[in-house]
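Shown next: query04.pdb, given as PDB, C-alpha atoms.
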MODEL        1
ATOM      1  CA  MET A  28      -9.821  71.455  27.644
ATOM      2  CA  LYS A  29      -9.239  68.563  30.007
ATOM      3  CA  ARG A  30     -12.509  67.065  28.898
ATOM      4  CA  TYR A  31     -11.442  67.133  25.250
ATOM      5  CA  ARG A  32      -8.013  65.792  26.113
ATOM      6  CA  TYR A  33      -9.586  62.833  27.944
ATOM      7  CA  GLU A  34     -11.818  62.173  24.955
ATOM      8  CA  VAL A  35      -8.781  62.187  22.655
ATOM      9  CA  ASP A  36      -6.943  59.795  24.991
ATOM     10  CA  ASN A  37      -9.951  57.493  25.051
ATOM     11  CA  VAL A  38     -10.133  57.479  21.257
ATOM     12  CA  ARG A  39      -6.428  56.753  21.010
ATOM     13  CA  SER A  40      -6.747  53.933  23.537
ATOM     14  CA  HIS A  41      -9.684  52.489  21.606
ATOM     15  CA  LEU A  42      -7.714  52.681  18.369
ATOM     16  CA  ARG A  43      -4.817  50.831  19.961
ATOM     17  CA  SER A  44      -7.236  48.106  21.088
ATOM     18  CA  LEU A  45      -8.670  47.861  17.591
ATOM     19  CA  TRP A  46      -5.184  47.590  16.091
ATOM     20  CA  ALA A  47      -4.339  44.819  18.582
ATOM     21  CA  VAL A  48      -7.490  42.903  17.578
ATOM     22  CA  ILE A  49      -6.701  43.392  13.882
ATOM     23  CA  GLY A  50      -3.135  42.167  14.445
ATOM     24  CA  LEU A  51      -4.409  39.063  16.248
ATOM     25  CA  GLN A  52      -6.845  38.318  13.429
ATOM     26  CA  VAL A  53      -4.068  38.690  10.844
ATOM     27  CA  MET A  54      -1.943  36.187  12.783
ATOM     28  CA  ILE A  55      -4.828  33.690  12.958
ATOM     29  CA  ILE A  56      -5.554  34.055   9.241
ATOM     30  CA  ALA A  57      -1.858  33.578   8.428
ATOM     31  CA  ALA A  58      -1.683  30.437  10.583
ATOM     32  CA  VAL A  59      -4.792  28.971   8.923
ATOM     33  CA  TRP A  60      -3.414  29.772   5.460
ATOM     34  CA  ILE A  61      -0.085  28.067   6.248
ATOM     35  CA  ALA A  62      -1.928  25.003   7.566
ATOM     36  CA  LEU A  63      -4.036  24.815   4.406
ATOM     37  CA  VAL A  64      -0.969  25.109   2.193
ATOM     38  CA  ARG A  65       0.692  22.223   4.013
ATOM     39  CA  LEU A  66      -2.317  19.924   3.695
ATOM     40  CA  PRO A  67      -1.910  17.172   1.064
ATOM     41  CA  SER A  68      -3.866  17.751  -2.114
ATOM     42  CA  THR A  69      -5.122  14.148  -2.016
ATOM     43  CA  MET A  70      -5.771  11.646   0.752
ATOM     44  CA  THR A  71      -6.083   7.875   0.488
ATOM     45  CA  VAL A  72      -8.825   6.354   2.615
ATOM     46  CA  HIS A  73      -9.038   2.558   2.825
ATOM     47  CA  ILE A  74     -12.659   1.453   3.134
ATOM     48  CA  PRO A  75     -13.273  -2.116   4.375
ATOM     49  CA  PRO A  76     -15.249  -4.259   1.894
ATOM     50  CA  ASP A  77     -17.935  -5.295   4.396
ATOM     51  CA  LEU A  78     -19.821  -2.282   5.762
ATOM     52  CA  ARG A  79     -22.952  -4.096   6.930
ATOM     53  CA  SER A  80     -22.064  -3.447  10.568
ATOM     54  CA  GLY A  81     -20.470  -0.060   9.904
ATOM     55  CA  ALA A  82     -16.822   0.885  10.271
ATOM     56  CA  SER A  83     -14.767   3.260  12.361
ATOM     57  CA  LEU A  84     -11.212   3.739  11.110
ATOM     58  CA  ALA A  85      -8.296   6.018  11.863
ATOM     59  CA  ILE A  86      -7.044   8.023   8.869
ATOM     60  CA  ARG A  87      -3.877   5.896   8.478
ATOM     61  CA  GLU A  88      -5.514   2.553   9.279
ATOM     62  CA  VAL A  89      -5.631  -0.035   6.490
ATOM     63  CA  PRO A  90      -8.156  -2.867   6.973
ATOM     64  CA  ARG A  91      -6.768  -6.406   6.825
ATOM     65  CA  ALA A  92      -9.030  -7.283   3.887
ATOM     66  CA  ASN A  93      -7.589  -4.419   1.822
ATOM     67  CA  VAL A  94      -4.008  -5.482   2.569
ATOM     68  CA  TYR A  95      -4.833  -9.060   1.574
ATOM     69  CA  THR A  96      -6.522  -7.978  -1.662
ATOM     70  CA  PHE A  97      -3.569  -5.752  -2.567
ATOM     71  CA  ALA A  98      -0.989  -8.500  -1.941
ATOM     72  CA  PHE A  99      -2.980 -11.071  -3.937
ATOM     73  CA  TYR A 100      -3.560  -8.767  -6.904
ATOM     74  CA  ILE A 101       0.058  -7.625  -7.246
ATOM     75  CA  LEU A 102       1.514 -11.127  -6.786
ATOM     76  CA  GLN A 103      -0.932 -12.499  -9.346
ATOM     77  CA  GLN A 104       0.116  -9.818 -11.846
ATOM     78  CA  LEU A 105       3.802 -10.610 -11.263
ATOM     79  CA  ASN A 106       3.156 -14.256 -12.068
ATOM     80  CA  ARG A 107       0.988 -13.698 -15.123
ATOM     81  CA  TRP A 108       3.049 -14.794 -18.146
ATOM     82  CA  PRO A 109       0.468 -15.312 -20.890
ATOM     83  CA  ASN A 110       2.782 -16.045 -23.831
ATOM     84  CA  ASN A 111       6.492 -16.341 -23.094
ATOM     85  CA  GLY A 112       8.165 -15.894 -19.729
ATOM     86  CA  ALA A 113      11.323 -14.648 -21.405
ATOM     87  CA  GLN A 114       9.457 -11.418 -22.226
ATOM     88  CA  ASP A 115       6.454 -11.567 -19.916
ATOM     89  CA  TYR A 116       8.377 -11.774 -16.609
ATOM     90  CA  GLY A 117      10.249  -8.522 -17.206
ATOM     91  CA  ALA A 118       7.117  -6.840 -18.555
ATOM     92  CA  ALA A 119       5.190  -7.865 -15.414
ATOM     93  CA  ILE A 120       7.882  -6.444 -13.112
ATOM     94  CA  PHE A 121       7.848  -3.166 -15.046
ATOM     95  CA  ARG A 122       4.037  -3.015 -15.064
ATOM     96  CA  VAL A 123       3.704  -3.227 -11.264
ATOM     97  CA  SER A 124       7.008  -1.559 -10.331
ATOM     98  CA  ALA A 125       5.170   1.309  -8.566
ATOM     99  CA  TYR A 126       3.765  -1.285  -6.148
ATOM    100  CA  LEU A 127       7.147  -2.808  -5.260
ATOM    101  CA  THR A 128       9.833  -1.489  -2.942
ATOM    102  CA  PRO A 129      13.118  -0.801  -4.786
ATOM    103  CA  GLU A 130      14.812  -3.661  -2.919
ATOM    104  CA  PHE A 131      12.148  -6.222  -3.862
ATOM    105  CA  ARG A 132      12.119  -5.000  -7.449
ATOM    106  CA  GLU A 133      15.884  -5.598  -7.698
ATOM    107  CA  THR A 134      15.446  -9.058  -6.149
ATOM    108  CA  LEU A 135      12.862  -9.939  -8.805
ATOM    109  CA  ILE A 136      15.081  -8.636 -11.605
ATOM    110  CA  GLU A 137      17.961 -10.787 -10.332
ATOM    111  CA  ASP A 138      15.616 -13.789 -10.192
ATOM    112  CA  MET A 139      14.530 -13.095 -13.764
ATOM    113  CA  HIS A 140      18.143 -12.964 -14.968
ATOM    114  CA  LEU A 141      18.975 -16.209 -13.134
ATOM    115  CA  LYS A 142      15.981 -18.054 -14.589
ATOM    116  CA  SER A 143      16.810 -16.714 -18.035
ATOM    117  CA  ARG A 144      20.407 -17.954 -17.861
ATOM    118  CA  VAL A 145      19.311 -21.498 -17.047
ATOM    119  CA  GLY A 146      16.558 -21.506 -19.661
ATOM    120  CA  GLU A 147      13.561 -21.549 -17.288
ATOM    121  CA  LEU A 148      11.664 -18.729 -18.997
ATOM    122  CA  THR A 149      11.673 -19.502 -22.709
ATOM    123  CA  HIS A 150       8.139 -20.274 -23.964
ATOM    124  CA  ARG A 151       6.975 -20.699 -20.345
ATOM    125  CA  VAL A 152       3.393 -19.693 -19.540
ATOM    126  CA  ARG A 153       2.516 -19.104 -15.891
ATOM    127  CA  GLY A 154      -0.561 -18.173 -13.901
ATOM    128  CA  LEU A 155      -1.631 -17.907 -10.260
ATOM    129  CA  GLN A 156      -5.196 -18.340  -9.058
ATOM    130  CA  ALA A 157      -6.962 -18.524  -5.723
ATOM    131  CA  ILE A 158      -7.775 -21.898  -4.199
ATOM    132  CA  PRO A 159     -11.550 -22.205  -3.596
ATOM    133  CA  GLY A 160     -12.301 -21.841   0.096
ATOM    134  CA  GLU A 161      -8.832 -20.459   0.873
ATOM    135  CA  GLY A 162      -9.538 -16.749   0.445
ATOM    136  CA  PHE A 163      -9.330 -13.923   2.927
ATOM    137  CA  SER A 164      -9.717 -14.428   6.662
ATOM    138  CA  GLU A 165      -8.419 -12.381   9.590
ATOM    139  CA  ARG A 166      -5.758 -14.971  10.400
ATOM    140  CA  ARG A 167      -4.166 -14.510   6.987
ATOM    141  CA  VAL A 168      -2.957 -10.968   7.743
ATOM    142  CA  ASP A 169      -0.585 -10.302  10.647
ATOM    143  CA  ILE A 170      -0.192  -6.671  11.715
ATOM    144  CA  VAL A 171       3.525  -6.175  12.375
ATOM    145  CA  SER A 172       3.231  -2.412  12.906
ATOM    146  CA  ASN A 173       1.206   0.549  11.673
ATOM    147  CA  ASP A 174       3.312   0.444   8.505
ATOM    148  CA  GLU A 175       3.920  -3.269   7.874
ATOM    149  CA  TRP A 176       1.834  -6.419   7.471
ATOM    150  CA  HIS A 177       2.553 -10.083   6.741
ATOM    151  CA  VAL A 178       0.050 -11.698   4.381
ATOM    152  CA  TRP A 179      -0.352 -15.460   3.903
ATOM    153  CA  LEU A 180      -1.636 -16.410   0.454
ATOM    154  CA  ASP A 181      -2.504 -19.998  -0.469
ATOM    155  CA  LEU A 182      -2.579 -20.081  -4.268
ATOM    156  CA  GLU A 183      -2.516 -22.536  -7.128
ATOM    157  CA  LEU A 184       0.407 -22.185  -9.541
ATOM    158  CA  SER A 185       0.166 -23.483 -13.103
ATOM    159  CA  GLU A 186       2.995 -23.534 -15.651
ATOM    160  CA  SER A 187       3.225 -24.905 -19.157
ATOM    161  CA  VAL A 188       5.785 -24.930 -21.959
ATOM    162  CA  GLN A 189       4.533 -25.011 -25.544
ATOM    163  CA  GLY A 190       1.163 -26.333 -24.392
ATOM    164  CA  MET A 191       2.578 -29.056 -22.107
ATOM    165  CA  THR A 192       1.862 -28.709 -18.376
ATOM    166  CA  VAL A 193       5.133 -28.766 -16.409
ATOM    167  CA  LYS A 194       3.890 -27.612 -13.024
ATOM    168  CA  HIS A 195       0.556 -27.566 -11.251
ATOM    169  CA  THR A 196       0.876 -27.154  -7.517
ATOM    170  CA  ARG A 197      -0.396 -25.278  -4.485
ATOM    171  CA  ILE A 198       1.967 -22.860  -2.787
ATOM    172  CA  ARG A 199       1.791 -20.726   0.334
ATOM    173  CA  TYR A 200       3.290 -17.266  -0.207
ATOM    174  CA  PRO A 201       4.095 -15.282   2.965
ATOM    175  CA  LEU A 202       4.379 -11.696   1.740
ATOM    176  CA  ARG A 203       5.605  -8.538   3.422
ATOM    177  CA  VAL A 204       3.442  -5.501   2.675
ATOM    178  CA  VAL A 205       4.571  -2.042   3.743
ATOM    179  CA  ARG A 206       3.137   1.449   3.606
ATOM    180  CA  TYR A 207       4.636   3.131   0.542
ATOM    181  CA  ALA A 208       2.954   6.470  -0.126
ATOM    182  CA  VAL A 209       5.634   7.997  -2.349
ATOM    183  CA  ASP A 210       3.629   8.536  -5.548
ATOM    184  CA  ALA A 211      -0.140   8.708  -5.181
ATOM    185  CA  GLU A 212      -0.528   9.218  -8.935
ATOM    186  CA  ALA A 213       1.200   5.925  -9.818
ATOM    187  CA  ASN A 214       0.289   4.039  -6.644
ATOM    188  CA  PRO A 215      -3.090   5.105  -5.202
ATOM    189  CA  TRP A 216      -3.017   2.194  -2.727
ATOM    190  CA  GLY A 217      -0.114   3.716  -0.803
ATOM    191  CA  LEU A 218       1.176   0.152  -0.253
ATOM    192  CA  ALA A 219       3.980  -1.946  -1.703
ATOM    193  CA  LEU A 220       5.257  -5.514  -1.661
ATOM    194  CA  ALA A 221       8.585  -5.634   0.191
ATOM    195  CA  GLY A 222       9.483  -9.300  -0.356
ATOM    196  CA  TYR A 223       8.746 -12.605   1.299
ATOM    197  CA  ALA A 224       8.421 -13.178   5.018
ATOM    198  CA  SER A 225       9.955 -16.255   6.645
ATOM    199  CA  PRO A 226      10.037 -19.090   5.667
ATOM    200  CA  GLY A 227       9.395 -17.969   2.077
ATOM    201  CA  PRO A 228       7.143 -19.682  -0.490
ATOM    202  CA  THR A 229       6.444 -23.307   0.441
ATOM    203  CA  ARG A 230       4.584 -26.098  -1.289
ATOM    204  CA  ILE A 231       1.222 -27.127   0.207
ATOM    205  CA  GLU A 232       0.249 -30.781   0.159
ATOM    206  CA  SER A 233      -2.980 -31.195  -1.843
ATOM    207  CA  GLU A 234      -4.839 -32.802   1.019
ATOM    208  CA  SER A 235      -3.809 -30.227   3.632
ATOM    209  CA  THR A 236      -4.520 -26.748   2.323
ATOM    210  CA  ASN A 237      -5.838 -25.851   5.750
ATOM    211  CA  GLN A 238      -2.504 -26.533   7.450
ATOM    212  CA  GLU A 239      -1.768 -24.069  10.229
ATOM    213  CA  ILE A 240      -0.443 -20.661   9.245
ATOM    214  CA  GLN A 241       2.737 -19.938  11.167
TER     215      GLN A 241
ENDMDL
END
Take the structure I supplied and represent it as structure tokens, if you would.
Amino acid sequence: MKRYRYEVDNVRSHLRSLWAVIGLQVMIIAAVWIALVRLPSTMTVHIPPDLRSGASLAIREVPRANVYTFAFYILQQLNRWPNNGAQDYGAAIFRVSAYLTPEFRETLIEDMHLKSRVGELTHRVRGLQAIPGEGFSERRVDIVSNDEWHVWLDLELSESVQGMTVKHTRIRYPLRVVRYAVDAEANPWGLALAGYASPGPTRIESESTNQEIQ
């Protein structure tokens, strides 16, 4: 009888071990499932434009060239008034609003209202374009933190009213770009313009476009 009792005890001990293993596996599976549920459904990866020498980036790292391209594209869209600034300025702000911080968007709306009150928008056509030879370089993007950059854009601004040129000048725009991953559907870049860095937009003398970037 003792022999059978020992066999029964051994079986029971083995069953308890099996139940412990099963319980551990259930806990691991539950932990993996929770981790998968918490993973984002999409992930933005910023690939540098020049991959000839390869690239090694952290998941949250944004290459300087990508930040520069983003800032230039959004600023150019904000200043594209093809027909009449009285309508085009507001339409441009609305069109790129997902790429602007709420504070900067309100600043632009206030600027639009001010220009409208003094008659600076009616029939005004505006455009921004790059200055040849003054495109991206490493020195044009300052990394303030992992979530903020200052971008220095040297661009040519053209304005006309009813076909008559009223402004044609070169301006340096120091822009603040911040990480802004609040709506990947509307803003796949995960970046936003947050306003102007000091000293703000300044005129560039025609003969000195290569003046030192502060």
Any chance you could work out the residue set of the PyMOL selection byres ((chain A and resi 161) around 10) here, as an MDAnalysis selection string? chainID A and resid 157:160 162:164 167 180:182 236:237
Out of A:Gln189, A:Asn214, A:Ser225, A:Ser143, which residue has the shortest atom-to-atom distance to Leu127 (chain A) when counting only C-alpha atoms?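 Of the candidates, the smallest distance to Leu127 (chain A) is held by A:Asn214.
Residues matching the PyMOL selection byres ((chain A and resi 221) around 8) in this structure come to Leu127, Thr128, Glu130, Phe131, Leu202, Arg203, Val204, Val205, Ala219, Leu220, Gly222 and Tyr223 of chain A.
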I'd like the contact shell of Val178 (chain A) - 10 Å cut-off, all atoms listed in the file, skipping same-chain residues fewer than 6 positions apart - returned as a compact mmCIF listing (two decimals) with C-alpha atoms, in the frame of the given file.
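Contents of the output file out.txt:
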# COMPACT_ATOMS: atom_id res chain seq x y z
CA ARG A 91 -6.77 -6.41 6.82
CA VAL A 94 -4.01 -5.48 2.57
CA TYR A 95 -4.83 -9.06 1.57
CA THR A 96 -6.52 -7.98 -1.66
CA PHE A 97 -3.57 -5.75 -2.57
CA ALA A 98 -0.99 -8.50 -1.94
CA PHE A 99 -2.98 -11.07 -3.94
CA PHE A 163 -9.33 -13.92 2.93
CA GLU A 165 -8.42 -12.38 9.59
CA ARG A 166 -5.76 -14.97 10.40
CA ARG A 167 -4.17 -14.51 6.99
CA VAL A 168 -2.96 -10.97 7.74
CA ASP A 169 -0.58 -10.30 10.65
CA ILE A 170 -0.19 -6.67 11.72
CA TYR A 200 3.29 -17.27 -0.21
CA PRO A 201 4.10 -15.28 2.96
CA LEU A 202 4.38 -11.70 1.74
CA ARG A 203 5.60 -8.54 3.42
CA VAL A 204 3.44 -5.50 2.68
CA TYR A 223 8.75 -12.60 1.30
CA ALA A 224 8.42 -13.18 5.02
Using all atoms listed in the file: which of A:Tyr126, A:Gln114, A:Leu45, A:Ile55 has the shortest distance to Gly217 (chain A): A:Tyr126
Which residue of A:Val171, A:Val59, A:Ile101, A:Leu51 approaches Leu218 (chain A) most closely, using all atoms listed in the file: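 Nearest to Leu218 (chain A): A:Ile101.
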Which residue of A:Ala213, A:Val188, A:Ala125, A:Val145 approaches Gly112 (chain A) most closely, using only C-alpha atoms: A:Val188
Which of A:Trp216, A:Tyr100, A:Tyr116, A:Trp179 sits closest to Ile198 (chain A) [using only C-alpha atoms]: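 Using only C-alpha atoms, the shortest distance to Ile198 (chain A) belongs to A:Trp179.
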I need the residue set behind the PyMOL selection byres ((chain A and resi 139) around 12) for this file; please write it as JSON, numbers by chain. {"A": [105, 106, 112, 113, 114, 115, 116, 117, 118, 119, 120, 132, 133, 134, 135, 136, 137, 138, 140, 141, 142, 143, 144, 145, 146, 147, 148, 149]}
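Between CA of Gly227 (chain A) and CA of Asn111 (chain A) there is a distance of 25.4 Å.
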CA of Ile231 (chain A) sits from CA of Thr196 (chain A) at a separation of 7.7 Å
Using only C-alpha atoms, which residue out of A:Ser172, A:Ser124, A:Ser185, A:Asn93 lies closest to Pro109 (chain A)? A:Ser185
